[in-house]
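Have a look at upload.txt; it's compact mmCIF, C-alpha atoms and all ligand atoms:
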```
# COMPACT_ATOMS: atom_id res chain seq x y z
CA MET A 1 -20.11 -13.37 7.52
CA ARG A 2 -20.83 -11.91 4.06
CA VAL A 3 -18.03 -9.63 2.87
CA LEU A 4 -17.89 -7.15 -0.02
CA LEU A 5 -14.39 -6.17 -1.18
CA LEU A 6 -13.80 -3.03 -3.29
CA GLY A 7 -10.94 -2.78 -5.77
CA SER A 8 -9.27 -4.63 -8.60
CA GLY A 9 -5.50 -4.84 -8.05
CA GLY A 10 -2.91 -7.20 -6.63
CA ARG A 11 -3.54 -5.87 -3.12
CA GLU A 12 -7.21 -6.75 -3.48
CA HIS A 13 -6.38 -10.22 -4.81
CA ALA A 14 -4.27 -10.76 -1.69
CA LEU A 15 -7.15 -9.48 0.47
CA ALA A 16 -9.64 -11.73 -1.36
CA ARG A 17 -7.40 -14.77 -0.89
CA ALA A 18 -7.00 -14.10 2.83
CA LEU A 19 -10.71 -13.39 3.31
CA ALA A 20 -11.61 -16.59 1.46
CA GLN A 21 -9.33 -18.54 3.78
CA ASP A 22 -11.27 -17.27 6.80
CA SER A 23 -13.82 -19.98 7.67
CA ASP A 24 -16.18 -17.33 9.08
CA VAL A 25 -16.61 -15.88 5.59
CA THR A 26 -19.65 -17.55 4.05
CA GLU A 27 -19.91 -15.33 0.97
CA LEU A 28 -17.34 -13.10 -0.67
CA HIS A 29 -18.32 -10.44 -3.21
CA ALA A 30 -16.04 -8.02 -5.04
CA ALA A 31 -16.49 -4.90 -7.14
CA PRO A 32 -15.17 -4.71 -9.74
CA GLY A 33 -12.53 -7.38 -8.98
CA ASN A 34 -10.21 -9.04 -11.49
CA PRO A 35 -9.74 -12.58 -12.86
CA GLY A 36 -7.68 -13.59 -9.82
CA ILE A 37 -10.23 -12.24 -7.35
CA ALA A 38 -12.90 -14.15 -9.33
CA GLN A 39 -11.31 -17.38 -8.07
CA HIS A 40 -12.48 -16.44 -4.57
CA ALA A 41 -15.42 -14.06 -4.97
CA GLU A 42 -18.51 -13.28 -6.97
CA LEU A 43 -17.73 -10.19 -9.07
CA HIS A 44 -20.06 -7.22 -9.55
CA ASP A 45 -19.66 -4.61 -12.25
CA VAL A 46 -20.06 -1.68 -9.87
CA ALA A 47 -17.78 1.38 -9.71
CA PRO A 48 -15.96 1.16 -6.34
CA ALA A 49 -15.77 4.96 -5.98
CA ASP A 50 -19.51 5.57 -6.45
CA PRO A 51 -20.87 5.83 -2.88
CA ALA A 52 -24.52 5.31 -3.84
CA ALA A 53 -23.79 2.35 -6.10
CA VAL A 54 -21.55 0.71 -3.49
CA THR A 55 -24.14 1.23 -0.75
CA ALA A 56 -26.81 -0.34 -2.97
CA LEU A 57 -24.54 -3.31 -3.74
CA ALA A 58 -23.72 -3.77 -0.05
CA ALA A 59 -27.44 -3.84 0.73
CA LYS A 60 -28.21 -6.19 -2.17
CA THR A 61 -25.50 -8.66 -1.14
CA ALA A 62 -26.49 -8.24 2.54
CA ALA A 63 -22.84 -7.57 3.31
CA ASP A 64 -21.93 -7.72 6.98
CA LEU A 65 -18.65 -5.99 6.18
CA VAL A 66 -17.33 -3.87 3.31
CA VAL A 67 -13.54 -3.82 2.91
CA VAL A 68 -12.19 -0.90 0.87
CA GLY A 69 -8.94 -1.66 -0.97
CA PRO A 70 -7.82 1.55 -2.75
CA GLU A 71 -7.77 5.17 -1.59
CA VAL A 72 -9.97 6.65 -4.33
CA PRO A 73 -13.28 5.26 -2.96
CA LEU A 74 -12.33 6.54 0.50
CA MET A 75 -11.69 10.03 -0.84
CA ALA A 76 -15.02 9.80 -2.70
CA GLY A 77 -16.85 9.25 0.59
CA VAL A 78 -17.70 5.56 0.28
CA GLY A 79 -16.95 4.95 3.97
CA ASP A 80 -19.20 7.86 4.99
CA ALA A 81 -22.06 6.63 2.81
CA LEU A 82 -21.86 3.05 4.07
CA ARG A 83 -21.79 4.08 7.74
CA GLU A 84 -24.66 6.54 7.18
CA ALA A 85 -26.65 3.61 5.80
CA GLY A 86 -25.88 1.64 8.98
CA LEU A 87 -23.42 -0.70 7.25
CA SER A 88 -20.08 -1.83 8.54
CA CYS A 89 -17.03 -0.58 6.61
CA PHE A 90 -13.31 -1.24 7.01
CA GLY A 91 -11.97 2.04 5.62
CA PRO A 92 -12.10 5.56 7.07
CA ASP A 93 -14.49 8.39 6.29
CA ARG A 94 -13.38 10.96 3.75
CA ALA A 95 -12.29 13.47 6.38
CA ALA A 96 -10.08 10.93 8.14
CA ALA A 97 -8.71 9.65 4.81
CA MET A 98 -7.37 13.17 4.21
CA ILE A 99 -4.36 11.94 6.18
CA GLU A 100 -3.44 10.39 2.81
CA GLY A 101 -5.39 12.71 0.52
CA SER A 102 -3.52 15.87 1.47
CA LYS A 103 0.16 16.05 2.41
CA SER A 104 -0.46 19.37 4.17
CA VAL A 105 -3.34 17.96 6.25
CA ALA A 106 -1.11 15.00 7.16
CA LYS A 107 1.60 17.40 8.33
CA GLU A 108 -0.90 19.42 10.36
CA ILE A 109 -2.09 16.26 12.08
CA MET A 110 1.48 15.15 12.80
CA ILE A 111 2.45 18.53 14.24
CA ALA A 112 -0.68 18.72 16.38
CA ALA A 113 -0.11 15.17 17.65
CA GLY A 114 3.64 15.52 18.20
CA ILE A 115 4.44 12.76 15.71
CA PRO A 116 8.08 12.78 14.54
CA THR A 117 8.33 13.77 10.86
CA ALA A 118 10.39 15.92 8.52
CA ALA A 119 10.10 19.68 9.01
CA ALA A 120 8.02 21.02 6.12
CA ARG A 121 6.45 24.06 4.51
CA THR A 122 3.33 24.22 2.38
CA CYS A 123 4.01 26.48 -0.64
CA ARG A 124 1.57 28.11 -3.01
CA SER A 125 3.72 30.58 -4.98
CA GLU A 126 7.06 30.38 -6.81
CA ALA A 127 8.56 32.73 -4.23
CA GLU A 128 7.47 30.46 -1.38
CA VAL A 129 8.88 27.45 -3.26
CA SER A 130 12.17 29.20 -3.84
CA ASP A 131 12.49 30.26 -0.20
CA ALA A 132 11.67 26.75 1.02
CA LEU A 133 14.17 25.07 -1.33
CA ASP A 134 16.88 27.41 -0.05
CA ALA A 135 15.88 26.93 3.56
CA PHE A 136 15.94 23.10 3.46
CA GLY A 137 18.78 22.67 0.93
CA PRO A 138 19.55 19.49 -1.06
CA PRO A 139 18.47 16.73 -1.41
CA TYR A 140 15.24 18.57 -2.18
CA VAL A 141 11.94 16.82 -1.34
CA VAL A 142 8.93 18.26 -3.18
CA LYS A 143 5.47 16.69 -2.81
CA ALA A 144 2.27 17.48 -4.69
CA ASP A 145 -0.34 18.22 -2.03
CA GLY A 146 -3.14 15.98 -3.40
CA LEU A 147 -3.46 12.30 -4.41
CA ALA A 148 -0.99 11.50 -7.19
CA ALA A 149 -0.99 7.68 -7.53
CA GLY A 150 2.61 7.43 -6.35
CA LYS A 151 3.88 10.04 -8.81
CA GLY A 152 3.64 13.22 -6.78
CA VAL A 153 6.97 13.11 -4.97
CA VAL A 154 10.32 14.21 -6.36
CA VAL A 155 13.53 13.80 -4.38
CA THR A 156 16.48 15.36 -6.17
CA ASN A 157 19.74 17.24 -5.77
CA ASP A 158 18.84 19.30 -8.85
CA ARG A 159 17.33 22.56 -7.66
CA ARG A 160 15.85 23.32 -11.08
CA ALA A 161 14.15 19.89 -11.27
CA ALA A 162 12.74 20.48 -7.78
CA ALA A 163 11.39 23.91 -8.77
CA ASP A 164 9.98 22.53 -12.06
CA HIS A 165 8.14 19.76 -10.22
CA ALA A 166 6.70 22.32 -7.78
CA ARG A 167 5.51 24.46 -10.69
CA SER A 168 3.78 21.48 -12.33
CA CYS A 169 1.92 20.59 -9.12
CA GLY A 170 0.33 23.80 -7.90
CA GLN A 171 0.29 23.57 -4.10
CA VAL A 172 3.23 21.57 -2.78
CA VAL A 173 4.79 20.50 0.50
CA ILE A 174 8.57 20.97 0.61
CA GLU A 175 10.37 19.22 3.42
CA ASP A 176 13.61 18.08 4.96
CA PHE A 177 15.26 15.00 3.49
CA LEU A 178 15.08 11.99 5.84
CA ALA A 179 18.07 9.65 5.60
CA GLY A 180 17.64 6.01 6.61
CA PRO A 181 15.97 2.75 5.63
CA GLU A 182 12.26 2.89 4.85
CA VAL A 183 9.68 0.60 6.43
CA SER A 184 5.94 0.23 5.86
CA LEU A 185 4.00 -0.44 9.04
CA PHE A 186 0.29 -1.20 8.74
CA ALA A 187 -1.98 -0.73 11.73
CA VAL A 188 -5.56 -2.00 11.90
CA ALA A 189 -7.48 0.75 13.71
CA ASP A 190 -10.94 0.82 15.28
CA GLY A 191 -11.21 4.56 15.89
CA ALA A 192 -9.42 4.47 19.24
CA ARG A 193 -7.15 1.42 19.36
CA ALA A 194 -4.74 -0.09 16.86
CA VAL A 195 -2.94 -3.36 16.32
CA PRO A 196 0.18 -3.41 14.17
CA LEU A 197 0.77 -5.90 11.38
CA LEU A 198 4.20 -7.20 10.37
CA PRO A 199 6.65 -4.48 9.25
CA ALA A 200 7.47 -4.86 5.56
CA GLN A 201 9.55 -3.17 2.93
CA ASP A 202 8.77 -2.36 -0.66
CA PHE A 203 11.00 -1.43 -3.60
CA LYS A 204 9.73 1.73 -5.25
CA ARG A 205 12.23 2.31 -8.03
CA ALA A 206 11.92 0.59 -11.40
CA GLY A 207 15.53 -0.58 -11.77
CA ASP A 208 17.78 -3.03 -9.97
CA GLY A 209 19.90 -1.41 -7.27
CA ASP A 210 17.18 1.22 -6.69
CA THR A 211 17.79 3.05 -9.95
CA GLY A 212 15.39 4.50 -12.49
CA PRO A 213 12.01 6.15 -12.03
CA ASN A 214 9.68 5.84 -9.07
CA THR A 215 6.85 3.29 -9.46
CA GLY A 216 3.87 2.10 -7.46
CA GLY A 217 6.17 -0.63 -6.04
CA MET A 218 8.10 -3.42 -7.80
CA GLY A 219 8.28 -5.95 -4.99
CA ALA A 220 8.19 -6.42 -1.23
CA TYR A 221 9.22 -8.76 1.55
CA ALA A 222 8.40 -9.57 5.15
CA PRO A 223 9.49 -10.01 7.83
CA LEU A 224 12.49 -7.65 8.10
CA PRO A 225 15.30 -9.58 9.77
CA TRP A 226 17.34 -6.41 10.22
CA ALA A 227 14.64 -4.32 11.91
CA PRO A 228 14.71 -3.69 15.67
CA PRO A 229 12.34 -6.14 17.41
CA ASP A 230 10.38 -3.33 19.07
CA LEU A 231 9.82 -1.43 15.81
CA ALA A 232 6.08 -2.19 15.54
CA ALA A 233 5.39 -1.46 19.21
CA ARG A 234 7.36 1.79 19.12
CA THR A 235 5.62 2.91 15.93
CA VAL A 236 2.23 2.27 17.49
CA ALA A 237 3.19 4.28 20.58
CA GLU A 238 5.01 7.14 18.84
CA VAL A 239 3.03 7.42 15.61
CA VAL A 240 -0.21 5.46 15.31
CA GLU A 241 -1.82 6.10 18.70
CA PRO A 242 -1.09 9.85 18.64
CA ALA A 243 -2.53 10.04 15.10
CA LEU A 244 -5.69 8.17 16.13
CA ALA A 245 -6.10 10.39 19.20
CA GLU A 246 -5.72 13.56 17.12
CA LEU A 247 -8.21 12.32 14.49
CA SER A 248 -10.72 11.48 17.25
CA ARG A 249 -10.18 14.89 18.83
CA ARG A 250 -11.05 16.44 15.44
CA GLY A 251 -14.30 14.46 15.37
CA THR A 252 -13.10 12.19 12.55
CA PRO A 253 -12.23 8.86 14.21
CA TYR A 254 -10.21 6.55 12.00
CA ARG A 255 -11.58 3.06 11.28
CA GLY A 256 -9.54 1.16 8.79
CA LEU A 257 -5.96 0.54 7.85
CA LEU A 258 -3.52 3.26 8.80
CA TYR A 259 -0.32 2.82 6.81
CA ALA A 260 2.72 4.59 8.23
CA GLY A 261 5.58 5.00 5.76
CA LEU A 262 8.60 5.39 8.03
CA ALA A 263 12.23 6.39 7.73
CA LEU A 264 14.43 4.87 10.43
CA THR A 265 16.80 7.79 10.91
CA SER A 266 19.76 8.21 13.26
CA ASP A 267 17.39 10.49 15.14
CA GLY A 268 14.65 7.84 15.57
CA ILE A 269 11.52 6.80 13.68
CA LYS A 270 10.13 9.54 11.41
CA VAL A 271 7.00 9.49 9.30
CA ILE A 272 7.48 10.01 5.56
CA GLU A 273 3.80 9.64 4.74
CA PHE A 274 0.51 8.15 5.82
CA ASN A 275 -1.82 6.16 3.60
CA ALA A 276 -5.44 5.41 4.43
CA ARG A 277 -5.39 1.85 3.07
CA PHE A 278 -3.23 -1.25 2.73
CA GLY A 279 0.02 -0.71 0.78
CA ASP A 280 0.61 -2.40 -2.53
CA PRO A 281 2.64 -4.68 -2.87
CA GLU A 282 3.49 -4.97 0.86
CA THR A 283 0.00 -6.35 1.58
CA GLN A 284 0.75 -9.32 -0.66
CA VAL A 285 3.54 -10.47 1.69
CA VAL A 286 2.10 -9.27 5.01
CA LEU A 287 -1.22 -11.09 4.53
CA ASP A 288 0.64 -14.20 3.41
CA ARG A 289 2.18 -14.40 6.88
CA LEU A 290 -1.00 -13.57 8.82
CA ALA A 291 -2.25 -16.61 10.74
CA THR A 292 -5.23 -14.86 12.36
CA PRO A 293 -8.44 -14.98 10.27
CA LEU A 294 -8.58 -11.68 8.41
CA ALA A 295 -12.33 -11.00 8.23
CA GLY A 296 -12.77 -11.20 12.00
CA LEU A 297 -9.93 -8.75 12.56
CA LEU A 298 -11.21 -6.23 10.00
CA ALA A 299 -14.81 -6.57 11.23
CA ALA A 300 -13.72 -5.93 14.82
CA ALA A 301 -11.97 -2.74 13.67
CA ALA A 302 -14.94 -1.62 11.57
CA ASP A 303 -17.24 -2.16 14.56
CA GLY A 304 -14.99 -0.24 16.96
CA ASP A 305 -14.19 -3.33 18.99
CA LEU A 306 -10.57 -4.33 18.41
CA ALA A 307 -10.06 -5.09 22.09
CA ALA A 308 -12.18 -8.22 21.59
CA ALA A 309 -10.10 -9.41 18.63
CA GLY A 310 -6.79 -9.99 20.42
CA ARG A 311 -3.39 -9.62 18.83
CA PRO A 312 -2.76 -10.98 15.34
CA ARG A 313 -0.70 -14.16 15.11
CA TRP A 314 1.93 -14.75 12.45
CA SER A 315 3.25 -17.76 10.59
CA GLY A 316 6.99 -18.27 10.81
CA GLY A 317 9.15 -18.09 7.72
CA ALA A 318 9.10 -15.37 5.09
CA ALA A 319 7.34 -14.13 1.96
CA VAL A 320 8.68 -12.24 -1.04
CA THR A 321 6.66 -10.77 -3.90
CA VAL A 322 8.02 -9.82 -7.29
CA VAL A 323 5.91 -7.59 -9.54
CA ILE A 324 5.72 -8.52 -13.23
CA ALA A 325 5.25 -5.21 -15.04
CA ALA A 326 4.14 -4.47 -18.58
CA GLU A 327 6.40 -3.02 -21.26
CA GLY A 328 6.52 0.76 -20.86
CA TYR A 329 5.64 0.82 -17.14
CA PRO A 330 5.83 3.16 -15.17
CA GLY A 331 5.36 5.51 -18.15
CA MET A 332 2.72 4.39 -20.66
CA PRO A 333 2.25 0.64 -20.13
CA VAL A 334 1.43 -1.54 -23.12
CA THR A 335 -1.70 -3.61 -22.39
CA GLY A 336 -3.55 -6.39 -24.19
CA ASP A 337 -0.68 -8.90 -24.26
CA ARG A 338 -1.32 -12.57 -23.65
CA ILE A 339 -0.08 -14.08 -20.34
CA ASP A 340 1.17 -17.68 -20.33
CA GLY A 341 2.78 -19.93 -17.75
CA MET A 342 0.45 -19.27 -14.78
CA ASP A 343 -0.01 -22.97 -13.98
CA GLU A 344 3.69 -23.73 -14.37
CA ALA A 345 4.56 -20.85 -12.05
CA GLN A 346 2.21 -22.15 -9.38
CA GLN A 347 3.77 -25.61 -9.54
CA ILE A 348 6.92 -24.17 -7.95
CA PRO A 349 6.74 -25.27 -4.29
CA GLY A 350 5.83 -22.35 -2.03
CA ALA A 351 4.86 -20.04 -4.90
CA TYR A 352 1.59 -18.61 -6.16
CA VAL A 353 0.57 -15.79 -8.47
CA LEU A 354 -1.77 -12.89 -7.69
CA HIS A 355 -3.47 -10.89 -10.43
CA ALA A 356 -2.98 -7.11 -10.50
CA GLY A 357 -3.62 -5.75 -14.03
CA THR A 358 -5.18 -8.67 -15.88
CA VAL A 359 -8.35 -9.35 -17.83
CA VAL A 360 -9.80 -12.42 -19.53
CA ARG A 361 -10.79 -11.86 -23.17
CA ASP A 362 -12.29 -14.71 -25.22
CA GLY A 363 -10.99 -17.15 -22.65
CA THR A 364 -7.43 -15.79 -22.80
CA LEU A 365 -5.68 -14.10 -19.88
CA MET A 366 -4.26 -10.74 -20.98
CA SER A 367 -2.45 -7.80 -19.42
CA SER A 368 -4.61 -4.75 -18.68
CA GLY A 369 -2.41 -2.49 -16.56
CA GLY A 370 1.15 -1.46 -15.70
CA ARG A 371 1.65 -3.86 -12.83
CA VAL A 372 0.30 -7.11 -14.23
CA LEU A 373 1.04 -9.89 -11.72
CA ASN A 374 2.49 -10.34 -8.24
CA VAL A 375 4.45 -13.55 -7.99
CA VAL A 376 4.63 -14.55 -4.32
CA GLY A 377 7.24 -16.94 -2.96
CA THR A 378 7.22 -18.33 0.56
CA GLY A 379 9.73 -20.32 2.54
CA LEU A 380 11.39 -20.96 5.86
CA ASP A 381 13.50 -17.83 5.39
CA LEU A 382 13.86 -14.95 2.96
CA ALA A 383 16.42 -16.75 0.80
CA GLN A 384 14.01 -19.65 0.26
CA ALA A 385 11.03 -17.37 -0.30
CA ARG A 386 13.01 -15.31 -2.78
CA ALA A 387 14.17 -18.40 -4.69
CA ALA A 388 10.56 -19.62 -4.96
CA ALA A 389 9.34 -16.21 -6.16
CA TYR A 390 12.01 -15.91 -8.84
CA ALA A 391 11.65 -19.53 -9.99
CA ALA A 392 7.93 -18.89 -10.45
CA ALA A 393 8.47 -15.50 -12.12
CA ALA A 394 10.74 -17.22 -14.66
CA ARG A 395 7.81 -19.43 -15.73
CA ILE A 396 5.58 -16.46 -16.64
CA ARG A 397 5.60 -15.47 -20.28
CA LEU A 398 4.37 -11.98 -21.21
CA ARG A 399 5.64 -10.15 -24.27
CA GLY A 400 7.62 -7.12 -23.07
CA GLY A 401 7.02 -8.09 -19.42
CA TRP A 402 9.80 -7.34 -16.96
CA HIS A 403 10.60 -7.41 -13.26
CA ARG A 404 13.33 -6.38 -10.85
CA ASN A 405 15.92 -9.06 -10.16
CA ASP A 406 17.01 -7.89 -6.73
CA ILE A 407 13.89 -7.93 -4.56
CA ALA A 408 14.95 -9.00 -1.05
CA SER A 409 18.40 -9.93 -2.34
CA GLN A 410 20.15 -8.03 0.44
CA PRO A 411 17.62 -7.95 3.24
CA GLY A 412 20.32 -6.73 5.62
CA GLN A 413 20.78 -3.70 3.41
CA PRO A 414 17.46 -2.02 2.88
CA PRO A 415 16.86 -0.04 -0.33
CA SER A 416 18.13 3.51 -0.38
CA PRO A 417 15.70 6.41 -0.53
CA VAL A 418 14.38 7.61 -3.89
CA GLY A 419 16.50 10.45 -5.19
P1 LIG B 501 5.54 9.35 -0.58
O1 LIG B 501 4.62 9.38 -1.76
O2 LIG B 501 5.35 10.45 0.39
O3 LIG B 501 5.65 7.96 0.01
O4 LIG B 501 7.02 9.51 -1.17
C1 LIG B 501 7.52 8.61 -2.13
C2 LIG B 501 8.93 8.29 -1.79
O5 LIG B 501 9.73 9.49 -1.79
C3 LIG B 501 9.12 7.71 -0.40
O6 LIG B 501 8.89 6.35 -0.36
C4 LIG B 501 10.56 8.06 -0.13
O7 LIG B 501 11.42 7.12 -0.77
C5 LIG B 501 10.72 9.39 -0.80
N1 LIG B 501 10.54 10.46 0.20
C6 LIG B 501 9.40 11.10 0.51
N2 LIG B 501 9.61 12.02 1.48
C7 LIG B 501 10.92 11.95 1.80
C8 LIG B 501 11.77 12.64 2.73
N3 LIG B 501 11.30 13.62 3.51
N4 LIG B 501 13.05 12.28 2.79
C9 LIG B 501 13.55 11.30 1.99
N5 LIG B 501 12.81 10.62 1.09
C10 LIG B 501 11.52 10.94 0.98
N1 LIG B 502 3.67 0.51 -1.46
C1 LIG B 502 3.38 1.89 -1.50
C2 LIG B 502 1.96 2.23 -1.50
O1 LIG B 502 1.08 1.39 -1.49
O2 LIG B 502 1.67 3.41 -1.47
```
Would you mind writing the structure in this file as structure tokens?
Amino acid sequence: MRVLLLGSGGREHALARALAQDSDVTELHAAPGNPGIAQHAELHDVAPADPAAVTALAAKTAADLVVVGPEVPLMAGVGDALREAGLSCFGPDRAAAMIEGSKSVAKEIMIAAGIPTAAARTCRSEAEVSDALDAFGPPYVVKADGLAAGKGVVVTNDRRAAADHARSCGQVVIEDFLAGPEVSLFAVADGARAVPLLPAQDFKRAGDGDTGPNTGGMGAYAPLPWAPPDLAARTVAEVVEPALAELSRRGTPYRGLLYAGLALTSDGIKVIEFNARFGDPETQVVLDRLATPLAGLLAAAADGDLAAAGRPRWSGGAAVTVVIAAEGYPGMPVTGDRIDGMDEAQQIPGAYVLHAGTVVRDGTLMSSGGRVLNVVGTGLDLAQARAAAYAAAARIRLRGGWHRNDIASQPGQPPSPVG
């Protein structure tokens, strides 16, 4: 099978690594990729969100399967263009990806499908915002309606901050605060059926103890020893299957990765958000544990034939990833700093390093983004995996680089909600 992977982050490096480990994959191509992905794939300097350019590259590489990493190409219609050209794509059409692209569309789908979620109002004017803030009360949850790269949501007890955020966003969704641990559950979907992957948890705040600003994710771990054993099955039944049925009913069947961001409340599982792609950095730990060959699973979903693929199998033990971020992240990250210690880090038993925001210049590995590396540690249990990840992270040298020190340190006590 020839596979083309779109994207350039740590999630895509994890995808590339897992695809390369699948013996059915004879050729792996990536656009645009990064220096880590280049260890597994031939890179192409093609913009991943340009539907015509991606379709041409897929034809040129004779790709049997295109795997879309980030959401931006999906929203640009890359999935639509590939399927129109008769190519196989793991990643939904634009209309189905609106489940991530618009918070109000996601709410509409959830209400129509009877999926448990926070009560919400879509607000366009200051008066509507003010009424909604009063109706729901603190903690206030205000979400920009469109894609915001992880920066569109404010959870606060400060009514003025909530109103200011709403004003800066234009159309917003204001909703009830959901109290309870958060879980990311990924489901591989073929339009009608879905299989769940391992539940995982990420750490969204910048500081230890879940303090500081929201980020794209500073670390993750899987499995979740504290989660109820039927969590994945219940989420598929209560959330994923109703969402797939509703999307099919609307004429926009969903083929790709449906990411359900859940709050486990005293009142049951509730959906915080959907994403139309793998989560970052949860993918880095979930795929580490996947024992089933990845390309076959994704191809079966893309071809509408998951029933033939069977249920994914999992390795025992645990994986933890720690994000090494650049100075200034999540504000204005400083880039162009030299990265040393990669080989030493990977000599730690059970550890390896994935590239997120890196570039090679004149033969030197440098930082090129806010989240620079994902150090992954594995072991027989979370404590061992965590020790491996942090031992490896300590070997990385990056001027101004930093990471959280408490990823998976209390896996019985999940991180508290942002706010
Ligand atoms: P989102 O971009 O929708 O994932 O929101 C980012 C983060 O804001 C989530 O991971 C939660 O920590 C928090 N959040 C979003 N919606 C809610 C809610 N209704 N109640 C509590 N926390 C929320
Ligand atoms: N880990 C959160 C996200 O990918 O949106």
Contact residues around range 222-239 of chain A with all atoms listed in the file at 8 Å, ignoring same-chain residues under 2 positions, as a list in words: Ile115, Pro116, Leu185, Ala187, Ala194, Val195, Pro196, Leu197, Leu198, Pro199, Ala200, Gln201, Ala220, Glu241, Pro242, Ala243, Ala260, Ile269, Val271, Glu282, Val285, Val286, Ala318, Ala319, Val320, Leu382, Pro411 and Gly412 of chain A
Within 8 Å of range 37-40 of chain A using only C-alpha atoms, minus same-chain residues under 5 positions, as an MDAnalysis selection string: chainID A and resid 8 12:13 16:17 20 28 30 355
One-decimal distance in Å that lies between CA of Lys60 in chain A and CA of Ala18 in chain A: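 Result for CA of Ala18 in chain A versus CA of Lys60 in chain A: 23.2 Å, one decimal.
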Would you tabulate, counting all atoms listed in the file, all residues of range 66-150 of chain A that have an atom at most 7 Å from an atom of range 46-55 of chain A, showing the closest pair of atoms and their distance in Å to one decimal, sorted by chain then ascending number, as CSV?
```
residue,atom,partner,partner_atom,distance
A:Val72,CA,A:Ala49,CA,6.3
A:Pro73,CA,A:Ala49,CA,3.9
A:Ala76,CA,A:Ala49,CA,5.9
A:Gly77,CA,A:Pro51,CA,6.3
A:Val78,CA,A:Pro51,CA,4.5
A:Ala81,CA,A:Pro51,CA,5.9
A:Leu82,CA,A:Thr55,CA,5.6
```
Atom-to-atom span, CA of Gly370 in chain A and CA of Gly357 in chain A, Å: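 Answer for the CA of Gly370 in chain A to CA of Gly357 in chain A separation: 6.6 Å.
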Ligand LIG 502 (chain B) neighbours within 12 Å using only C-alpha atoms and all ligand atoms, as a ChimeraX atom specification: /A:9-12,69-71,100-101,147-153,182-186,200-205,214-221,257-262,272-286,321,323
Contacts of range 154-157 of chain A within 8 Å, all atoms listed in the file, excl. fewer than 3 positions in-chain, as a ChimeraX atom specification: /A:138-143,161-162,165,418-419
Expected axis-aligned box over every listed atom of ligand LIG 501 (chain B), 8 Å added per side, centre plus edges in Å to one decimal, as AutoDock Vina command-line options:
```
--center_x 9.1 --center_y 10.0 --center_z 0.7 --size_x 24.9 --size_y 23.3 --size_z 21.6
```
Selected residue, from A:Phe177, A:Trp402, A:Phe136, A:Phe90, that lies nearest to ligand LIG 501 (chain B) when counting all atoms listed in the file: A:Phe177
Distance criterion (only C-alpha atoms): nearest to Ile396 in chain A out of A:Ala345, A:Asp381, A:Ala307, A:Ser368: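 Distance minimum relative to Ile396 in chain A lands on A:Ala345.
With distances taken over only C-alpha atoms and all ligand atoms, A:Lys270 is the one residue among A:Arg255, A:Arg250, A:Arg193, A:Lys270 lying closest to ligand LIG 501 (chain B).
Relative to CA of Asp22 in chain A, CA of Arg94 in chain A is found at 28.5 Å.
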Selected residue, from A:Asp145, A:Glu327, A:Glu246, A:Glu344, that lies nearest to ligand LIG 501 (chain B) when counting all atoms listed in the file: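 Nearest to ligand LIG 501 (chain B): A:Asp145.
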Among the residues A:Val372, A:Leu365, A:Ala179, A:Ala389, the one that comes closest to ligand LIG 501 (chain B) [using all atoms listed in the file]: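 Comparing A:Val372, A:Leu365, A:Ala179, A:Ala389 against ligand LIG 501 (chain B), the winner is A:Ala179.
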Residue nearest ligand LIG 501 (chain B) among A:Thr117, A:Asn405, A:Thr122, A:Ser88 (counting all atoms listed in the file): A:Thr117
Neighbour list for Asp190 in chain A as a count of residues only, cut-off 8 Å, only C-alpha atoms, skip fewer than 3 positions in-chain: 12
Radius query 10 Å about (-2.9, 13.9, 8.6), atoms used: all atoms listed in the file, as a PyMOL selection string: chain A and resi 95-113+243-244+246-247+273-276
Residue neighbourhood Val353 in chain A, 9 Å, only C-alpha atoms, exclusion window fewer than 6 positions, as a VMD selection string: chain A and resid 36 342 345 to 346 373 to 377 392 to 393
